[in-house]
Structure formats: C-alpha cells, structure tokens
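S.K.: Pasting coords07.csv below, which is CSV, C-alpha atoms and all ligand atoms.
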```
chain,number,residue,atom,x,y,z
A,1,MET,CA,29.8,-4.3,-21.0
A,2,PRO,CA,27.9,-6.6,-18.6
A,3,GLY,CA,29.6,-7.5,-15.3
A,4,LYS,CA,30.2,-11.0,-13.9
A,5,CYS,CA,28.0,-12.3,-11.1
A,6,PRO,CA,29.8,-11.7,-7.7
A,7,LEU,CA,27.9,-14.8,-6.3
A,8,CYS,CA,28.6,-17.6,-8.7
A,9,GLY,CA,31.4,-15.9,-10.8
A,10,LYS,CA,30.1,-17.5,-14.0
A,11,GLY,CA,27.0,-15.7,-15.1
A,12,GLU,CA,26.7,-12.3,-16.7
A,13,LEU,CA,24.6,-9.6,-15.1
A,14,ARG,CA,21.7,-8.3,-17.2
A,15,HIS,CA,19.7,-5.2,-16.4
A,16,LYS,CA,16.2,-6.0,-15.4
A,17,LYS,CA,13.2,-4.7,-13.4
A,18,ILE,CA,13.0,-6.8,-10.3
A,19,SER,CA,9.8,-7.3,-8.3
A,20,GLU,CA,10.5,-7.0,-4.6
A,21,GLU,CA,8.3,-7.8,-1.7
A,22,MET,CA,8.6,-7.6,2.1
A,23,PHE,CA,6.7,-9.8,4.5
A,24,GLY,CA,4.5,-11.0,1.5
A,25,VAL,CA,3.5,-7.5,0.5
A,26,SER,CA,4.5,-6.3,-3.0
A,27,LEU,CA,6.8,-3.2,-3.0
A,28,GLY,CA,6.8,-2.8,-6.8
A,29,LYS,CA,9.5,-3.2,-9.4
A,30,PHE,CA,13.0,-1.8,-9.1
A,31,ASP,CA,16.1,-1.4,-11.4
A,32,GLY,CA,18.6,-4.1,-10.8
A,33,GLU,CA,20.7,-6.8,-12.4
A,34,VAL,CA,20.0,-10.5,-12.6
A,35,CYS,CA,22.6,-13.3,-13.1
A,36,SER,CA,22.2,-15.3,-16.3
A,37,GLU,CA,23.5,-18.5,-14.5
A,38,CYS,CA,22.4,-18.6,-10.9
A,39,GLY,CA,19.5,-16.2,-11.2
A,40,GLU,CA,20.6,-14.1,-8.2
A,41,SER,CA,19.4,-10.5,-8.4
A,42,PHE,CA,21.2,-7.4,-7.3
A,43,LEU,CA,19.5,-4.0,-6.8
A,44,SER,CA,21.4,-0.8,-7.5
A,45,SER,CA,21.9,1.5,-4.5
A,46,ASP,CA,19.3,3.9,-5.9
A,47,SER,CA,16.9,1.0,-6.0
A,48,MET,CA,17.7,0.0,-2.5
A,49,ASP,CA,16.9,3.6,-1.4
A,50,ALA,CA,13.6,3.5,-3.3
A,51,LEU,CA,12.7,0.1,-1.9
A,52,GLU,CA,13.4,1.4,1.7
A,53,ALA,CA,11.3,4.5,1.1
A,54,ARG,CA,8.4,2.4,-0.3
A,55,ALA,CA,8.6,-0.1,2.6
A,56,LYS,CA,8.5,2.9,5.1
A,57,GLU,CA,5.5,4.3,3.2
A,58,LEU,CA,3.7,1.0,3.7
A,59,GLY,CA,4.6,0.8,7.3
A,60,LEU,CA,6.7,-2.4,6.7
A,61,TRP,CA,10.1,-1.0,7.5
A,62,GLY,CA,11.6,-2.2,10.8
A,63,LEU,CA,8.8,-4.7,11.5
A,64,ALA,CA,11.4,-7.5,11.9
A,65,SER,CA,13.4,-7.1,15.1
A,66,LYS,CA,15.2,-9.1,17.7
A,67,VAL,CA,13.4,-9.7,20.9
A,68,LYS,CA,14.4,-11.8,23.9
A,69,ILE,CA,12.5,-14.8,25.1
A,70,VAL,CA,11.7,-14.6,28.8
A,71,LYS,CA,10.6,-17.3,31.3
A,72,SER,CA,7.1,-17.3,32.8
A,73,GLY,CA,6.4,-20.3,35.0
A,74,ASN,CA,7.1,-23.3,32.9
A,75,SER,CA,6.5,-21.4,29.7
A,76,LEU,CA,8.5,-19.1,27.6
A,77,VAL,CA,7.2,-15.7,26.6
A,78,VAL,CA,8.0,-13.9,23.3
A,79,ARG,CA,7.2,-10.2,23.4
A,80,ILE,CA,5.7,-8.7,20.2
A,81,PRO,CA,7.0,-5.2,19.7
A,82,ALA,CA,4.3,-2.5,19.6
A,83,ALA,CA,4.9,-1.5,16.0
A,84,LEU,CA,4.4,-5.2,14.9
A,85,ALA,CA,1.3,-5.6,17.1
A,86,ARG,CA,-0.1,-2.4,15.5
A,87,TYR,CA,0.7,-3.6,12.0
A,88,LEU,CA,-0.9,-7.0,12.5
A,89,LYS,CA,-3.7,-5.6,14.8
A,90,VAL,CA,-2.9,-8.0,17.5
A,91,LYS,CA,-4.5,-7.4,20.8
A,92,SER,CA,-3.7,-8.5,24.3
A,93,GLY,CA,-5.8,-11.6,25.2
A,94,GLN,CA,-6.2,-12.6,21.5
A,95,GLU,CA,-5.8,-16.3,20.7
A,96,VAL,CA,-3.1,-17.4,18.3
A,97,THR,CA,-1.9,-20.8,17.2
A,98,VAL,CA,1.8,-21.3,17.7
A,99,SER,CA,3.6,-24.0,15.8
A,100,PRO,CA,7.1,-24.9,14.5
A,101,ASP,CA,8.0,-24.4,10.9
A,102,ARG,CA,11.3,-26.0,9.9
A,103,GLU,CA,14.1,-26.1,12.4
A,104,LYS,CA,14.6,-22.5,13.3
A,105,ARG,CA,11.3,-20.9,12.6
A,106,LEU,CA,8.3,-20.3,14.8
A,107,VAL,CA,4.9,-19.5,13.4
A,108,LEU,CA,2.2,-17.5,15.2
A,109,GLU,CA,-1.1,-17.7,13.3
A,110,LEU,CA,-3.7,-15.1,14.2
A,111,ALA,CA,-7.3,-16.4,14.3
B,1,ZN,ZN,25.4,-15.9,-10.6
```
What is this structure when it is put down as structure tokens?
M.R.:
Amino acid sequence: MPGKCPLCGKGELRHKKISEEMFGVSLGKFDGEVCSECGESFLSSDSMDALEARAKELGLWGLASKVKIVKSGNSLVVRIPAALARYLKVKSGQEVTVSPDREKRLVLELA
C-alpha cells in the first residue's frame, strides 16, 4: 500500500531508484520514493546512510561549512576551510573571479 506524500499530501509515493549528486558530482542511485504529484523524492534511512558513506568515500562529505566574514581594510575576507581548499586545489595567491549569483549566493570561479 503506497503512502501519501508528506510534502503535498496529494500524491502517492512510488518506489524508485533515485540519482543523487553532491556539489555536482554523481553519487549513484539510491532506493527511495518519489511523489506522483509534486515529484519530490524521499530516500530511505538506509539510502541516506549509503549516500553519506559514498560522499565520504569521494571526499565530498563536510565540504560545505559555515565560515565568518572578517574585515580587512575596506574589503571583507572569506576564509576557505583547509578541506575545501584541498578538494578544489586552491592555493594561496591564486586568482579567482568573484561575482554575485542571485540574491544570497556568492560565486568564486577558479581560473
Ligand atoms: Zn507530493
């Protein structure tokens, strides 16, 4: 007996293999349920564990983190955590292009 979607309350949840990605890198397909109405997908807790394990394997886990902006002269400085710098192979002194993307997003593009 399929369950109702907890998000829209209308659709029925159907079992499906769901492709997941993190930071644009494919993590593979995981067991989950997809709503027939709104299309929202829900992973089982086993799948969540498997996804986490795969993300850790690929060195993606924990790359998103909160950092504080600090003042330096008239500019503001954002620190890039060591793990993220290693992952992206960013070095001190390297040039990046910084630009806004939508209202609350900042993009750093590596050359
Ligand atoms: Zn739904």
S.K.: Grab the CA of Gly9 (chain A) to CA of Leu43 (chain A) distance for me, in Å with one decimal place.
M.R.: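 These atoms are spaced 17.3 Å apart.
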S.K.: Can I get the residues close to ligand ZN 1 (chain B) as a VMD selection string, where close means within 9 Å and we count only C-alpha atoms and all ligand atoms?
M.R.: chain A and resid 4 to 13 34 to 41
S.K.: Using C-alpha atoms, can you export the residues from the last selection as a PDB file, keeping the file's coordinate frame?
M.R.:
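Listing of part_19.pdb after writing:
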```
ATOM      1  CA  LYS A   4      30.200 -11.000 -13.900  1.00  0.00           C
ATOM      2  CA  CYS A   5      28.000 -12.300 -11.100  1.00  0.00           C
ATOM      3  CA  PRO A   6      29.800 -11.700  -7.700  1.00  0.00           C
ATOM      4  CA  LEU A   7      27.900 -14.800  -6.300  1.00  0.00           C
ATOM      5  CA  CYS A   8      28.600 -17.600  -8.700  1.00  0.00           C
ATOM      6  CA  GLY A   9      31.400 -15.900 -10.800  1.00  0.00           C
ATOM      7  CA  LYS A  10      30.100 -17.500 -14.000  1.00  0.00           C
ATOM      8  CA  GLY A  11      27.000 -15.700 -15.100  1.00  0.00           C
ATOM      9  CA  GLU A  12      26.700 -12.300 -16.700  1.00  0.00           C
ATOM     10  CA  LEU A  13      24.600  -9.600 -15.100  1.00  0.00           C
ATOM     11  CA  VAL A  34      20.000 -10.500 -12.600  1.00  0.00           C
ATOM     12  CA  CYS A  35      22.600 -13.300 -13.100  1.00  0.00           C
ATOM     13  CA  SER A  36      22.200 -15.300 -16.300  1.00  0.00           C
ATOM     14  CA  GLU A  37      23.500 -18.500 -14.500  1.00  0.00           C
ATOM     15  CA  CYS A  38      22.400 -18.600 -10.900  1.00  0.00           C
ATOM     16  CA  GLY A  39      19.500 -16.200 -11.200  1.00  0.00           C
ATOM     17  CA  GLU A  40      20.600 -14.100  -8.200  1.00  0.00           C
ATOM     18  CA  SER A  41      19.400 -10.500  -8.400  1.00  0.00           C
TER      19      SER A  41
END
```
S.K.: What does the distance from CA of Ser26 (chain A) to CA of Val67 (chain A) come to in Å, to one decimal?
M.R.: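 Interatomic distance, CA of Ser26 (chain A) to CA of Val67 (chain A): 25.7 Å.
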S.K.: Grab the CA of Lys91 (chain A) to CA of Leu27 (chain A) distance for me, in Å with one decimal place.
M.R.: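 These atoms are spaced 26.7 Å apart.
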S.K.: Go through A:Val96, A:Val25, A:Ile18, A:Val70 and flag the residue nearest Ser47 (chain A), using all atoms listed in the file for the distances.
M.R.: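 Smallest distance to Ser47 (chain A) is found for A:Ile18.
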S.K.: Find the residue from A:Ser45, A:Lys71, A:Ala55, A:Val90 that sits nearest to Gly28 (chain A); use all atoms listed in the file when measuring.
M.R.: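 Of the candidates, the smallest distance to Gly28 (chain A) is held by A:Ala55.
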S.K.: Would you list the contacts of Gly59 (chain A) as a PyMOL selection string, taking every protein, DNA or RNA residue within 12 Å and counting all atoms listed in the file, but skipping same-chain residues closer than 2 positions in sequence?
M.R.: chain A and resi 22-23+25+27+52-57+61-64+83-84+86-88
S.K.: Measuring atom to atom with all atoms listed in the file, identify which of A:Phe42, A:Asn74, A:Lys29, A:Gln94 is nearest to Gly3 (chain A).
M.R.: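 Of all the options, A:Phe42 lies closest to Gly3 (chain A).
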